[in-house]
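**Student:** For reference, the structure I am asking about is given below.
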Amino acid sequence: MINSKLDNAYIIWLFFTAFMIVIMVIIGGITRLTDSGLSMIDWHIVDGIFPPLNKQEWIAEFEKYKQYPEFKLINFDMNLSDFKKIFFWEYVHRIWGRLIGIVFIVPLIFFLFKKAISRNSIKYLLLVLVLGICQAFMGWFMVESGLVKDPNVSQYRLAMHLILAFIIYSLLLFQAWNKFRVKSVNLNTTNQKNYESLLKYLLICLFLVLTTIVSGAFVAGTNAGLAYNNFPFMGDSILPPDPFILEPWWKNFFENISLIQFDHRVLSTLSLLVISLTWFLNIKKGFKSMINHLLNFGFSILILQYIIGITILKLHVPVSLGVIHQLGSLILLSTLIILLSEIFTEKKGEI
């Protein structure tokens, strides 16, 4: 960075873009849970900016929707008013995605023009840009999978779409917090062995949380959350019925609803145990208050997230709780990312 004003602007830009992705995850969750994702059957980068503006345009858009399997097989009794409701969320989802692109690309060009970004950061942000472009195409690729015979989007593409969003968000948050941290806080180079030990635990926690998020995407993509609505049992047993009924066997982890839900239960419980252990073993090791606060916050969020997950099952996946649960996973991930940034900064001074 060449001066304080550009430095501050850079940090604010990164945080704001990451915040926009948080809003996008919320919008995406609502879009998915309200079955709104297949309401817009065209994908145009420029002329898709404006929604239908009069009754004739709405009727024309509705007639397009009627040609596809979701209307013919599921929503055949839908009227124009109902169509407008599902169209709204998909429209907002796409427009917000375009806004994120503008908010990221325009300032990036400005900072590059001002030569205000280090070489390492340029590579980092170009990676984010490439992933963002991939995410835009993945969004349409996912929608396209539901416009064929089966009016359900591919759970594989849905999982990829979600995990890309979380990866992009994590990269931005890590970079933003690292720059903010180095700028604002004096470094503490004591207790290096403790920091190294905590780092190992956090990397395991991060892997488990990301894996659990992916499994949650498969739960959402297959509506597996509606299959068994008691806990800890699945029907009359803790184990899922017919866990390997599909051939080849590996497809059951991604297409067998009972095993998909069971996997999410197991991964969630494993995350709870490992993060609880991480908290218990490290909370009294003399870390500075910021790290202890983050450990306490992450532990609390995880417990709340686990309780919400069980509640969602018992209430048959209400939209509001489903969105809160998805947001909770992002908050937990954010806590881990900030913790990792703190640890790396303590160990090396800056990234």
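FYI, nothing fancy with the structure tokens labels: chains A, B, ... in order, residues from 1 per chain, ligands from 1 as they appear.
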For segment 199-203 of chain A, please output as a list in words all residues within 7 Å (counting only C-alpha atoms; exclusion window: fewer than 3 positions along the same chain).

**Tutor:** Tyr195, Glu196, Leu206, Phe207, Thr278, Leu336, Leu340 and Ile343 of chain A

**Student:** Those residues you just picked out, can you put them in a file as a tab-separated table (two decimals), in the first residue's frame with N, CA and C atoms?

**Tutor:**
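Okay, out_14.tsv is ready:
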```tsv
chain	number	residue	atom	x	y	z
A	195	TYR	N	0.83	-21.47	19.58
A	195	TYR	CA	0.21	-21.03	18.34
A	195	TYR	C	0.27	-22.12	17.28
A	196	GLU	N	1.41	-22.80	17.19
A	196	GLU	CA	1.54	-23.87	16.21
A	196	GLU	C	0.59	-25.02	16.51
A	206	LEU	N	-11.36	-26.55	10.28
A	206	LEU	CA	-11.76	-25.94	9.02
A	206	LEU	C	-12.14	-27.00	8.00
A	207	PHE	N	-11.34	-28.06	7.92
A	207	PHE	CA	-11.65	-29.15	6.99
A	207	PHE	C	-13.00	-29.78	7.33
A	278	THR	N	-10.96	-28.65	20.68
A	278	THR	CA	-10.05	-27.54	20.37
A	278	THR	C	-10.22	-26.41	21.38
A	336	LEU	N	-13.49	-19.23	12.11
A	336	LEU	CA	-12.28	-20.03	11.88
A	336	LEU	C	-11.30	-19.29	10.97
A	340	LEU	N	-7.56	-18.19	11.97
A	340	LEU	CA	-6.38	-18.56	11.18
A	340	LEU	C	-5.56	-17.34	10.81
A	343	ILE	N	-3.60	-16.31	13.84
A	343	ILE	CA	-2.48	-17.21	14.12
A	343	ILE	C	-1.34	-16.99	13.13
```

**Student:** Write out as an MDAnalysis selection string the residues lying within 8 Å of Leu295 of chain A, counting only C-alpha atoms and excluding same-chain residues fewer than 4 positions away.

**Tutor:** chainID A and resid 279 283 291 299 339

**Student:** As a PyMOL selection string, please: the residues near segment 240-246 of chain A (cut-off 10 Å, only C-alpha atoms, same-chain neighbours under 3 positions excluded).

**Tutor:** chain A and resi 228+233-237+249-253+255-263

**Student:** Next, write the just-selected residues to a file, as an mmCIF file, in the first residue's frame, keeping C-alpha atoms as the atom set.

**Tutor:**
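Okay, this is what ended up in part-v6.cif:
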```cif
data_model
loop_
_atom_site.group_PDB
_atom_site.id
_atom_site.type_symbol
_atom_site.label_atom_id
_atom_site.label_comp_id
_atom_site.auth_asym_id
_atom_site.auth_seq_id
_atom_site.Cartn_x
_atom_site.Cartn_y
_atom_site.Cartn_z
ATOM 1 C CA TYR A 228 -36.306 -38.447 8.746
ATOM 2 C CA PHE A 233 -32.888 -41.845 15.445
ATOM 3 C CA MET A 234 -33.715 -42.271 11.776
ATOM 4 C CA GLY A 235 -36.999 -44.097 11.963
ATOM 5 C CA ASP A 236 -36.438 -46.899 14.464
ATOM 6 C CA SER A 237 -32.648 -46.926 14.350
ATOM 7 C CA TRP A 249 -21.639 -48.120 -3.733
ATOM 8 C CA TRP A 250 -20.099 -44.630 -3.753
ATOM 9 C CA LYS A 251 -23.219 -43.111 -5.336
ATOM 10 C CA ASN A 252 -25.066 -43.671 -2.064
ATOM 11 C CA PHE A 253 -23.076 -40.880 -0.401
ATOM 12 C CA GLU A 255 -27.781 -39.806 -4.129
ATOM 13 C CA ASN A 256 -29.196 -42.026 -1.361
ATOM 14 C CA ILE A 257 -31.329 -39.686 0.760
ATOM 15 C CA SER A 258 -31.063 -41.703 3.966
ATOM 16 C CA LEU A 259 -27.265 -41.928 3.807
ATOM 17 C CA ILE A 260 -26.959 -38.259 2.797
ATOM 18 C CA GLN A 261 -28.846 -37.156 5.906
ATOM 19 C CA PHE A 262 -26.902 -39.608 8.066
ATOM 20 C CA ASP A 263 -23.590 -38.290 6.711
#
```

**Student:** One decimal, Å: what's the distance from atom CA of Tyr91 of chain A over to atom CA of Leu53 of chain A, could you say?

**Tutor:**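 Answer for the atom CA of Tyr91 of chain A to atom CA of Leu53 of chain A separation: 13.1 Å.
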
**Student:** Measuring between only C-alpha atoms, which one of A:Ser170, A:Gln326, A:Asn178, A:Asn75 shows the shortest distance to Leu131 of chain A?

**Tutor:** A:Ser170
